[in-house]
Amino acid sequence: MKYLSFLIVFLLSTSLYSIDISNGTLSGNFESYSQYNFTDSIIGAERTEEIFLSNSYFYMTYNTSDVTVGMRFEAYKNELVGYDPRYRGHGIAHRFATYKSDLLDITVGHFYEQFGSGMILRAYEERLLGIDNAFDGVRFKFRPYKGITLTGLAGNQRDFWENGDGLVRAADLDLDLNSMLGFNSRLQYNLGSSVVSRFQRSLSTSPILPENVFAYSLRGGLIGSNFSVDAEYLYKYNDPNATNQQSFNPGQGLIINASYFQKGFSFIINAHKVDNADMRSNRSSVGQELMLNFIAPLTRQQTYALATIFPFATQLNGEMGIQADLTYKLPRNSLLGGKYGTTLNFNYSQVNSIDSTAIFTEVDDRLITYSYDSDFISPNIGDRVYFREFNFEVNRRFSKNFKSRFTLIRSQYDRNQIEGGVKYGMVNSTIAILEGTQKLGKGKALRFEAQHMWADMDSIPDFQDNQNGNWAMLLLEYTLPSGFYFTVFNMYNYDNQEKIYDDVDPSKYRIRDFSLNYLNANIAYIYDATRFSIGYGRFRGGLLCVGGICRPVPAFSGFNFSISSSF
């Protein structure tokens, strides 16, 4: 019925505005990812309900000068390892129609949206992580004057194959002052403000939960020829939910970014403080479900395999951090720069807890935490270090056919805080990475990666962890001009330690060392806009992160296939 209603709304809108949709462009894409699963008790890969799993997506849009209509069909038969089983099934998961003019845009159906940096509202899809929190409703963008854009929306967020209970209403005002006021200046001035309201009925009588939760944000930015600075502030009224222990504290957030750049040099500094800033359209949601906002982590976004074993994600309910990034290019034909120049990069980040004191309220003869004292303006930070990392990177081309990159990373990672209550303590690691690419002529190339991690944990786990100990990795990738790519790599996890308790006296235990290999091989072929790949190997369990957003994934062993094509 909802698809019929969507079609009726679209037909009425085309009739109302007398739009000619006879001359348009049809485009789309198809993606499918499959796994053939094997049980592998050594790495903890368990047998799934079915041995063949697949996620498939087909997206199609029809565009004219005024109208865009689109839909996405999804099929999880059955869902890949690590995806929430609530995705299981198939159907049209995304459908929309948009009318565009110079003055007004109107969208009905599903849509994605972001206000400012996203700290108050961000609806997006991240397929690799199984995240899709699109809105299902209506949105407009109104441009009454140069430099002024007003956005308004109302809808519910996607919750797997249904919509979440919470109704979200939001508005954003974005001002480009240069365009508005006719400034003829090298400086660009931007201001903005957003409001978000969530309504969700509550049946609770102890405590009485607010049904309407309101939040607002203010932002501003200044961009020059060789510098930029921007800031955004968030305030959320009390929102007791499943992620903040039902705290009635207000939520706040402040982000400050500044950068300076010139030829061969750049310096970027980012800082933020967040307190009870986890926003969702459903107060009972946890994990990545029905998230309304996004605050990027103050850490470098790593891409190398070993550097992503212990990744950091923003602790929305309380953290204070800073990140500094400096890039300098040694000039060509210099002693240190060499013939082609050498680029150096230094990156440092640290994230701490916030300083707070819990306040306990007695309800029904129990002590329940409802609030806490924390001075948001105070520069004092908490004693607990959640994450600290230093990166040093050297990029150098030695000849027209060979270039390399060396990376050294030193980090501290509070695994208990980030992964949630597992008794590991702090993980201290040092990672060294050497990457090189050699062109072999006529479209051929050979790329290699050699990586090593020295890791030390504060405590030895009581069970086989499969991420404890040191790691080594070697990767080779061979490219042919015909469009074929051949990749083989092995991740070797060694010096793992596990406590083995005595059967007679459980208070006694011995330490067992064990090692694991994660060997993988993959073949890919690209032709025009189509890509095929097939691979076989082991994949470690742990946290999978994209852009600072993480989800736990189990270990997997078996074949994997993928195909993607667009038209």
# chains A, B, ... in the order shown; residues from 1 in each chain; ligands from 1
>>> select_by_dssp(residues="stretch 56-168 of chain A", states="helix (DSSP H, G or I)", output="list in words")
Pro85, Arg86, Tyr87, Arg127, Leu128 and Leu129 of chain A
>>> select_by_dssp(residues="stretch 216-329 of chain A", states="strand (DSSP E)", output="short mmCIF file (atom, residue, chain, number, x, y, z; two decimals) with C-alpha atoms, in the first residue's frame")
data_model
loop_
_atom_site.label_atom_id
_atom_site.label_comp_id
_atom_site.auth_asym_id
_atom_site.auth_seq_id
_atom_site.Cartn_x
_atom_site.Cartn_y
_atom_site.Cartn_z
CA TYR A 216 19.68 23.07 18.21
CA SER A 217 23.07 23.93 16.75
CA LEU A 218 24.91 27.06 15.64
CA ARG A 219 27.85 27.16 13.23
CA GLY A 220 30.10 29.60 11.44
CA GLY A 221 33.08 29.51 9.13
CA LEU A 222 35.68 31.73 7.52
CA ILE A 223 37.72 30.70 4.48
CA PHE A 227 43.55 29.39 5.77
CA SER A 228 40.16 28.31 7.07
CA VAL A 229 38.48 28.18 10.46
CA ASP A 230 35.04 26.92 11.46
CA ALA A 231 33.16 25.95 14.60
CA GLU A 232 29.84 24.35 15.49
CA TYR A 233 28.00 24.13 18.82
CA LEU A 234 25.25 21.65 19.75
CA TYR A 235 22.76 21.74 22.63
CA LYS A 236 20.29 18.91 23.28
CA GLY A 251 23.70 17.12 25.87
CA GLN A 252 26.30 19.47 24.42
CA GLY A 253 28.99 19.41 21.77
CA LEU A 254 31.57 21.82 20.38
CA ILE A 255 33.74 21.29 17.31
CA ILE A 256 36.54 23.66 16.24
CA ASN A 257 38.61 23.20 13.07
CA ALA A 258 41.41 25.39 11.74
CA SER A 259 43.87 24.97 8.87
CA TYR A 260 46.69 26.86 7.21
CA PHE A 261 48.16 25.90 3.87
CA GLN A 262 50.57 27.12 1.25
CA PHE A 265 53.08 22.99 3.52
CA SER A 266 49.83 22.51 5.43
CA PHE A 267 48.84 22.47 9.08
CA ILE A 268 45.44 21.34 10.39
CA ILE A 269 44.19 21.29 13.96
CA ASN A 270 40.85 19.89 15.14
CA ALA A 271 39.38 19.85 18.62
CA HIS A 272 36.05 18.88 20.08
CA LYS A 273 34.26 18.20 23.33
CA VAL A 274 31.06 16.16 23.53
CA ASP A 275 28.89 15.40 26.54
CA GLU A 319 35.02 12.74 25.41
CA MET A 320 37.40 15.64 24.83
CA GLY A 321 40.13 15.47 22.22
CA ILE A 322 42.49 17.18 19.84
CA GLN A 323 44.21 16.28 16.57
CA ALA A 324 47.04 18.04 14.76
CA ASP A 325 48.25 17.22 11.25
CA LEU A 326 51.30 18.70 9.54
CA THR A 327 52.39 18.00 5.95
CA TYR A 328 55.62 19.32 4.44
CA LYS A 329 57.05 18.60 1.02
#
>>> atom_distance(atom1="atom CA of A:Phe214", atom2="atom CA of A:Thr151")
17.1 Å
>>> atom_distance(atom1="atom CA of A:Cys545", atom2="atom CA of A:Arg384")
22.9 Å
>>> closest_atom_pairs(of="stretch 273-336 of chain A", to="stretch 416-432 of chain A", cutoff="9 Å", atoms="only C-alpha atoms", output="tab-separated table")
residue	atom	partner	partner_atom	distance
A:Leu306	CA	A:Ile431	CA	7.5
A:Ala307	CA	A:Ile431	CA	7.1
A:Phe310	CA	A:Val427	CA	8.4
A:Pro311	CA	A:Ile418	CA	8.8
A:Phe312	CA	A:Ile418	CA	7.0
A:Ala313	CA	A:Ile418	CA	7.2
A:Thr314	CA	A:Ile418	CA	8.7
A:Gln315	CA	A:Ile418	CA	7.6
>>> residues_around(residues="A:Glu50", least_positions_apart="2", cutoff="12 Å", atoms="only C-alpha atoms", output="list of chain:residue names")
A:Ser34, A:Gln35, A:Tyr36, A:Asn37, A:Phe38, A:Thr39, A:Glu46, A:Arg47, A:Thr48, A:Phe52, A:Leu53, A:Ser54, A:Lys77, A:Asn78, A:Glu79, A:Leu80, A:Val81
>>> write_last_selection(atoms="all heavy atoms", output="tab-separated table (two decimals), in the first residue's frame")
chain	number	residue	atom	x	y	z
A	34	SER	N	28.78	-11.99	-2.23
A	34	SER	CA	28.41	-13.34	-1.79
A	34	SER	C	29.55	-14.00	-1.04
A	34	SER	O	30.73	-13.68	-1.23
A	34	SER	CB	28.02	-14.21	-2.99
A	34	SER	OG	26.97	-13.61	-3.73
A	35	GLN	N	29.18	-14.96	-0.19
A	35	GLN	CA	30.15	-15.73	0.58
A	35	GLN	C	29.75	-17.20	0.58
A	35	GLN	O	28.56	-17.52	0.67
A	35	GLN	CB	30.22	-15.25	2.04
A	35	GLN	CG	30.71	-13.84	2.22
A	35	GLN	CD	30.58	-13.37	3.67
A	35	GLN	OE1	29.80	-13.91	4.44
A	35	GLN	NE2	31.35	-12.35	4.03
A	36	TYR	N	30.74	-18.05	0.44
A	36	TYR	CA	30.55	-19.48	0.62
A	36	TYR	C	31.33	-19.85	1.87
A	36	TYR	O	32.56	-19.79	1.90
A	36	TYR	CB	31.05	-20.26	-0.59
A	36	TYR	CG	30.68	-21.72	-0.57
A	36	TYR	CD1	29.45	-22.17	-1.06
A	36	TYR	CD2	31.55	-22.66	-0.04
A	36	TYR	CE1	29.11	-23.52	-1.04
A	36	TYR	CE2	31.22	-24.01	0.00
A	36	TYR	CZ	30.00	-24.43	-0.51
A	36	TYR	OH	29.67	-25.77	-0.47
A	37	ASN	N	30.61	-20.22	2.92
A	37	ASN	CA	31.16	-20.25	4.25
A	37	ASN	C	31.62	-21.64	4.66
A	37	ASN	O	30.94	-22.63	4.39
A	37	ASN	CB	30.09	-19.73	5.23
A	37	ASN	CG	30.60	-19.65	6.64
A	37	ASN	OD1	31.75	-19.35	6.89
A	37	ASN	ND2	29.72	-19.94	7.59
A	38	PHE	N	32.79	-21.70	5.34
A	38	PHE	CA	33.30	-22.93	5.93
A	38	PHE	C	33.45	-22.74	7.44
A	38	PHE	O	33.77	-21.65	7.90
A	38	PHE	CB	34.66	-23.33	5.35
A	38	PHE	CG	34.63	-23.67	3.89
A	38	PHE	CD1	35.20	-22.81	2.96
A	38	PHE	CD2	34.03	-24.83	3.44
A	38	PHE	CE1	35.18	-23.11	1.62
A	38	PHE	CE2	34.00	-25.14	2.09
A	38	PHE	CZ	34.58	-24.27	1.18
A	39	THR	N	33.23	-23.81	8.19
A	39	THR	CA	33.52	-23.77	9.62
A	39	THR	C	35.02	-23.83	9.83
A	39	THR	O	35.72	-24.63	9.21
A	39	THR	CB	32.85	-24.96	10.33
A	39	THR	OG1	31.44	-24.92	10.10
A	39	THR	CG2	33.11	-24.90	11.83
A	46	GLU	N	32.26	-19.74	12.91
A	46	GLU	CA	31.23	-20.74	13.15
A	46	GLU	C	30.40	-20.99	11.90
A	46	GLU	O	30.29	-20.14	11.02
A	46	GLU	CB	30.33	-20.28	14.30
A	46	GLU	CG	31.06	-20.08	15.61
A	46	GLU	CD	30.14	-19.62	16.72
A	46	GLU	OE1	28.94	-19.38	16.42
A	46	GLU	OE2	30.60	-19.50	17.87
A	47	ARG	N	29.78	-22.14	11.86
A	47	ARG	CA	28.94	-22.51	10.73
A	47	ARG	C	27.66	-21.67	10.77
A	47	ARG	O	27.02	-21.51	11.80
A	47	ARG	CB	28.57	-23.99	10.79
A	47	ARG	CG	27.70	-24.45	9.61
A	47	ARG	CD	27.42	-25.94	9.67
A	47	ARG	NE	26.59	-26.36	8.57
A	47	ARG	CZ	27.05	-26.68	7.38
A	47	ARG	NH1	28.35	-26.60	7.13
A	47	ARG	NH2	26.24	-27.07	6.41
A	48	THR	N	27.32	-21.11	9.63
A	48	THR	CA	26.09	-20.31	9.52
A	48	THR	C	24.92	-21.21	9.15
A	48	THR	O	25.10	-22.38	8.79
A	48	THR	CB	26.26	-19.21	8.47
A	48	THR	OG1	26.64	-19.80	7.22
A	48	THR	CG2	27.32	-18.21	8.89
A	52	PHE	N	25.88	-20.64	1.78
A	52	PHE	CA	26.00	-19.62	0.74
A	52	PHE	C	25.16	-18.41	1.14
A	52	PHE	O	23.95	-18.53	1.38
A	52	PHE	CB	25.54	-20.14	-0.63
A	52	PHE	CG	25.87	-19.21	-1.76
A	52	PHE	CD1	27.11	-19.25	-2.35
A	52	PHE	CD2	24.94	-18.28	-2.20
A	52	PHE	CE1	27.44	-18.39	-3.39
A	52	PHE	CE2	25.25	-17.41	-3.24
A	52	PHE	CZ	26.50	-17.47	-3.84
A	53	LEU	N	25.81	-17.25	1.23
A	53	LEU	CA	25.17	-16.02	1.71
A	53	LEU	C	25.38	-14.92	0.68
A	53	LEU	O	26.41	-14.89	-0.01
A	53	LEU	CB	25.77	-15.59	3.04
A	53	LEU	CG	25.88	-16.67	4.13
A	53	LEU	CD1	26.73	-16.18	5.29
A	53	LEU	CD2	24.49	-17.07	4.62
A	54	SER	N	24.42	-14.00	0.59
A	54	SER	CA	24.59	-12.92	-0.38
A	54	SER	C	23.78	-11.69	0.01
A	54	SER	O	22.69	-11.80	0.57
A	54	SER	CB	24.18	-13.37	-1.79
A	54	SER	OG	22.78	-13.54	-1.88
A	77	LYS	N	19.92	-12.82	1.01
A	77	LYS	CA	19.50	-14.21	0.87
A	77	LYS	C	20.67	-15.18	1.10
A	77	LYS	O	21.24	-15.70	0.15
A	77	LYS	CB	18.94	-14.43	-0.54
A	77	LYS	CG	17.69	-13.61	-0.86
A	77	LYS	CD	16.52	-14.08	-0.03
A	77	LYS	CE	15.23	-13.43	-0.44
A	77	LYS	NZ	14.08	-13.94	0.28
A	78	ASN	N	20.97	-15.55	2.31
A	78	ASN	CA	20.71	-14.79	3.51
A	78	ASN	C	21.83	-13.80	3.72
A	78	ASN	O	22.81	-13.80	2.98
A	78	ASN	CB	20.57	-15.72	4.71
A	78	ASN	CG	19.18	-16.35	4.79
A	78	ASN	OD1	18.22	-15.86	4.22
A	78	ASN	ND2	19.09	-17.47	5.50
A	79	GLU	N	21.71	-12.95	4.73
A	79	GLU	CA	22.65	-11.85	4.91
A	79	GLU	C	24.07	-12.36	5.15
A	79	GLU	O	24.29	-13.43	5.71
A	79	GLU	CB	22.19	-10.98	6.08
A	79	GLU	CG	22.35	-11.58	7.46
A	79	GLU	CD	21.28	-12.60	7.79
A	79	GLU	OE1	20.28	-12.71	7.06
A	79	GLU	OE2	21.44	-13.31	8.81
A	80	LEU	N	25.05	-11.56	4.72
A	80	LEU	CA	26.45	-11.91	4.90
A	80	LEU	C	26.81	-12.01	6.38
A	80	LEU	O	26.12	-11.45	7.25
A	80	LEU	CB	27.35	-10.86	4.24
A	80	LEU	CG	27.22	-10.67	2.73
A	80	LEU	CD1	28.18	-9.59	2.26
A	80	LEU	CD2	27.46	-11.96	1.98
A	81	VAL	N	27.88	-12.71	6.66
A	81	VAL	CA	28.37	-12.86	8.03
A	81	VAL	C	28.63	-11.49	8.63
A	81	VAL	O	29.27	-10.63	8.03
A	81	VAL	CB	29.66	-13.70	8.05
A	81	VAL	CG1	30.30	-13.66	9.43
A	81	VAL	CG2	29.36	-15.13	7.65
>>> residues_around(residues="A:Asp462", least_positions_apart="6", cutoff="12 Å", atoms="only C-alpha atoms", output="list in words")
Val422, Lys423, Tyr424, Asn468, Asn496, Gln497, Glu498, Lys499, Ile500, Tyr501, Pro506, Tyr509, Arg510, Ile511 and Arg512 of chain A
>>> write_last_selection(atoms="N, CA, C and O atoms", output="short mmCIF file (atom, residue, chain, number, x, y, z; two decimals), in the first residue's frame")
data_model
loop_
_atom_site.label_atom_id
_atom_site.label_comp_id
_atom_site.auth_asym_id
_atom_site.auth_seq_id
_atom_site.Cartn_x
_atom_site.Cartn_y
_atom_site.Cartn_z
N VAL A 422 34.91 -5.39 28.02
CA VAL A 422 35.76 -6.58 27.99
C VAL A 422 37.04 -6.27 28.76
O VAL A 422 37.64 -5.22 28.58
N LYS A 423 37.47 -7.17 29.63
CA LYS A 423 38.56 -6.86 30.55
C LYS A 423 39.92 -7.06 29.90
O LYS A 423 40.62 -8.04 30.12
N TYR A 424 40.30 -6.09 29.08
CA TYR A 424 41.62 -6.13 28.45
C TYR A 424 42.54 -5.05 28.99
O TYR A 424 43.73 -5.21 29.07
N ASN A 468 44.99 -10.82 20.19
CA ASN A 468 46.05 -10.57 21.14
C ASN A 468 47.40 -10.81 20.45
O ASN A 468 47.48 -11.40 19.38
N ASN A 496 50.28 -14.87 20.72
CA ASN A 496 49.04 -14.75 21.48
C ASN A 496 49.20 -15.44 22.82
O ASN A 496 49.85 -16.49 22.93
N GLN A 497 48.58 -14.91 23.84
CA GLN A 497 48.62 -15.53 25.16
C GLN A 497 47.21 -15.70 25.71
O GLN A 497 46.37 -14.81 25.57
N GLU A 498 46.99 -16.86 26.31
CA GLU A 498 45.68 -17.19 26.85
C GLU A 498 45.86 -17.92 28.18
O GLU A 498 46.78 -18.74 28.34
N LYS A 499 45.00 -17.60 29.13
CA LYS A 499 45.03 -18.30 30.42
C LYS A 499 44.31 -19.64 30.32
O LYS A 499 43.16 -19.69 29.88
N ILE A 500 44.98 -20.73 30.71
CA ILE A 500 44.38 -22.06 30.77
C ILE A 500 44.28 -22.46 32.24
O ILE A 500 45.29 -22.67 32.91
N TYR A 501 43.03 -22.52 32.75
CA TYR A 501 42.83 -22.77 34.18
C TYR A 501 42.91 -24.27 34.50
O TYR A 501 42.50 -25.12 33.70
N PRO A 506 40.78 -24.24 40.19
CA PRO A 506 40.50 -23.15 39.24
C PRO A 506 41.25 -21.86 39.53
O PRO A 506 41.30 -20.97 38.68
N TYR A 509 46.42 -21.29 37.00
CA TYR A 509 46.36 -21.32 35.53
C TYR A 509 47.77 -21.25 34.96
O TYR A 509 48.74 -20.88 35.63
N ARG A 510 47.88 -21.65 33.70
CA ARG A 510 49.14 -21.53 32.97
C ARG A 510 48.89 -20.66 31.72
O ARG A 510 47.75 -20.45 31.33
N ILE A 511 49.95 -20.15 31.16
CA ILE A 511 49.86 -19.29 29.99
C ILE A 511 50.17 -20.10 28.74
O ILE A 511 51.21 -20.77 28.66
N ARG A 512 49.26 -20.08 27.78
CA ARG A 512 49.47 -20.79 26.52
C ARG A 512 49.68 -19.78 25.40
O ARG A 512 48.95 -18.79 25.28
#
>>> residues_around(residues="A:Phe398", least_positions_apart="4", cutoff="9 Å", atoms="only C-alpha atoms", output="ChimeraX atom specification")
/A:338-341,402-404
>>> atom_distance(atom1="atom CA of A:Val286", atom2="atom CA of A:Asn241")
9.1 Å
>>> closest_residue(among="A:His94, A:Arg405, A:Arg143, A:Arg88", to="A:Leu173", atoms="only C-alpha atoms")
A:Arg143
>>> residues_around(residues="stretch 98-102 of chain A", least_positions_apart="5", cutoff="7 Å", atoms="only C-alpha atoms", output="list in words")
Asp66, Val67, Thr68, Val69, Thr107 and Val108 of chain A
>>> residues_around(residues="A:Ser378", least_positions_apart="2", cutoff="12 Å", atoms="only C-alpha atoms", output="count of residues only")
12
>>> decode(residues="stretch 189-216 of chain A", atoms="N, CA and C atoms", output="short mmCIF file (atom, residue, chain, number, x, y, z; two decimals), in the first residue's frame")
data_model
loop_
_atom_site.label_atom_id
_atom_site.label_comp_id
_atom_site.auth_asym_id
_atom_site.auth_seq_id
_atom_site.Cartn_x
_atom_site.Cartn_y
_atom_site.Cartn_z
N TYR A 189 32.49 34.05 4.07
CA TYR A 189 31.86 33.97 5.38
C TYR A 189 30.62 33.08 5.28
N ASN A 190 30.49 32.15 6.24
CA ASN A 190 29.34 31.25 6.27
C ASN A 190 28.79 31.17 7.69
N LEU A 191 27.47 31.20 7.79
CA LEU A 191 26.78 31.00 9.05
C LEU A 191 25.67 29.98 8.85
N GLY A 192 25.29 29.32 9.93
CA GLY A 192 24.21 28.35 9.83
C GLY A 192 23.63 28.01 11.18
N SER A 193 22.41 27.52 11.16
CA SER A 193 21.75 27.10 12.39
C SER A 193 20.78 25.98 12.05
N SER A 194 20.64 25.03 12.98
CA SER A 194 19.76 23.87 12.77
C SER A 194 18.95 23.60 14.02
N VAL A 195 17.77 23.06 13.82
CA VAL A 195 16.94 22.58 14.93
C VAL A 195 16.43 21.19 14.57
N VAL A 196 16.36 20.32 15.58
CA VAL A 196 15.86 18.96 15.39
C VAL A 196 14.93 18.64 16.56
N SER A 197 13.76 18.08 16.23
CA SER A 197 12.81 17.65 17.26
C SER A 197 12.42 16.21 17.00
N ARG A 198 12.48 15.40 18.06
CA ARG A 198 12.07 14.00 17.96
C ARG A 198 10.89 13.76 18.88
N PHE A 199 9.85 13.14 18.32
CA PHE A 199 8.68 12.79 19.13
C PHE A 199 8.55 11.28 19.17
N GLN A 200 8.45 10.75 20.39
CA GLN A 200 8.24 9.31 20.59
C GLN A 200 7.43 9.12 21.86
N ARG A 201 6.34 8.41 21.76
CA ARG A 201 5.48 8.20 22.92
C ARG A 201 6.20 7.38 23.98
N SER A 202 5.85 7.62 25.22
CA SER A 202 6.46 6.92 26.34
C SER A 202 5.36 6.33 27.22
N LEU A 203 5.54 5.07 27.62
CA LEU A 203 4.61 4.39 28.51
C LEU A 203 5.17 4.30 29.93
N SER A 204 6.38 4.85 30.11
CA SER A 204 7.03 4.75 31.41
C SER A 204 6.42 5.75 32.38
N THR A 205 6.22 5.30 33.61
CA THR A 205 5.73 6.20 34.66
C THR A 205 6.78 6.43 35.74
N SER A 206 7.84 5.63 35.76
CA SER A 206 8.91 5.81 36.74
C SER A 206 10.23 5.37 36.12
N PRO A 207 11.00 6.33 35.60
CA PRO A 207 10.72 7.77 35.58
C PRO A 207 9.81 8.14 34.40
N ILE A 208 9.28 9.36 34.44
CA ILE A 208 8.49 9.88 33.33
C ILE A 208 9.46 10.40 32.27
N LEU A 209 9.44 9.79 31.10
CA LEU A 209 10.39 10.14 30.04
C LEU A 209 9.81 11.21 29.13
N PRO A 210 10.63 12.17 28.72
CA PRO A 210 10.14 13.21 27.81
C PRO A 210 9.80 12.61 26.43
N GLU A 211 8.63 12.94 25.92
CA GLU A 211 8.23 12.44 24.60
C GLU A 211 8.78 13.31 23.48
N ASN A 212 8.92 14.59 23.74
CA ASN A 212 9.51 15.51 22.76
C ASN A 212 10.92 15.87 23.21
N VAL A 213 11.89 15.62 22.36
CA VAL A 213 13.28 15.98 22.63
C VAL A 213 13.71 16.99 21.58
N PHE A 214 14.24 18.12 22.03
CA PHE A 214 14.60 19.21 21.13
C PHE A 214 16.10 19.48 21.20
N ALA A 215 16.69 19.79 20.05
CA ALA A 215 18.11 20.13 19.99
C ALA A 215 18.31 21.24 18.96
N TYR A 216 19.34 22.03 19.19
CA TYR A 216 19.68 23.07 18.21
C TYR A 216 21.20 23.17 18.08
#
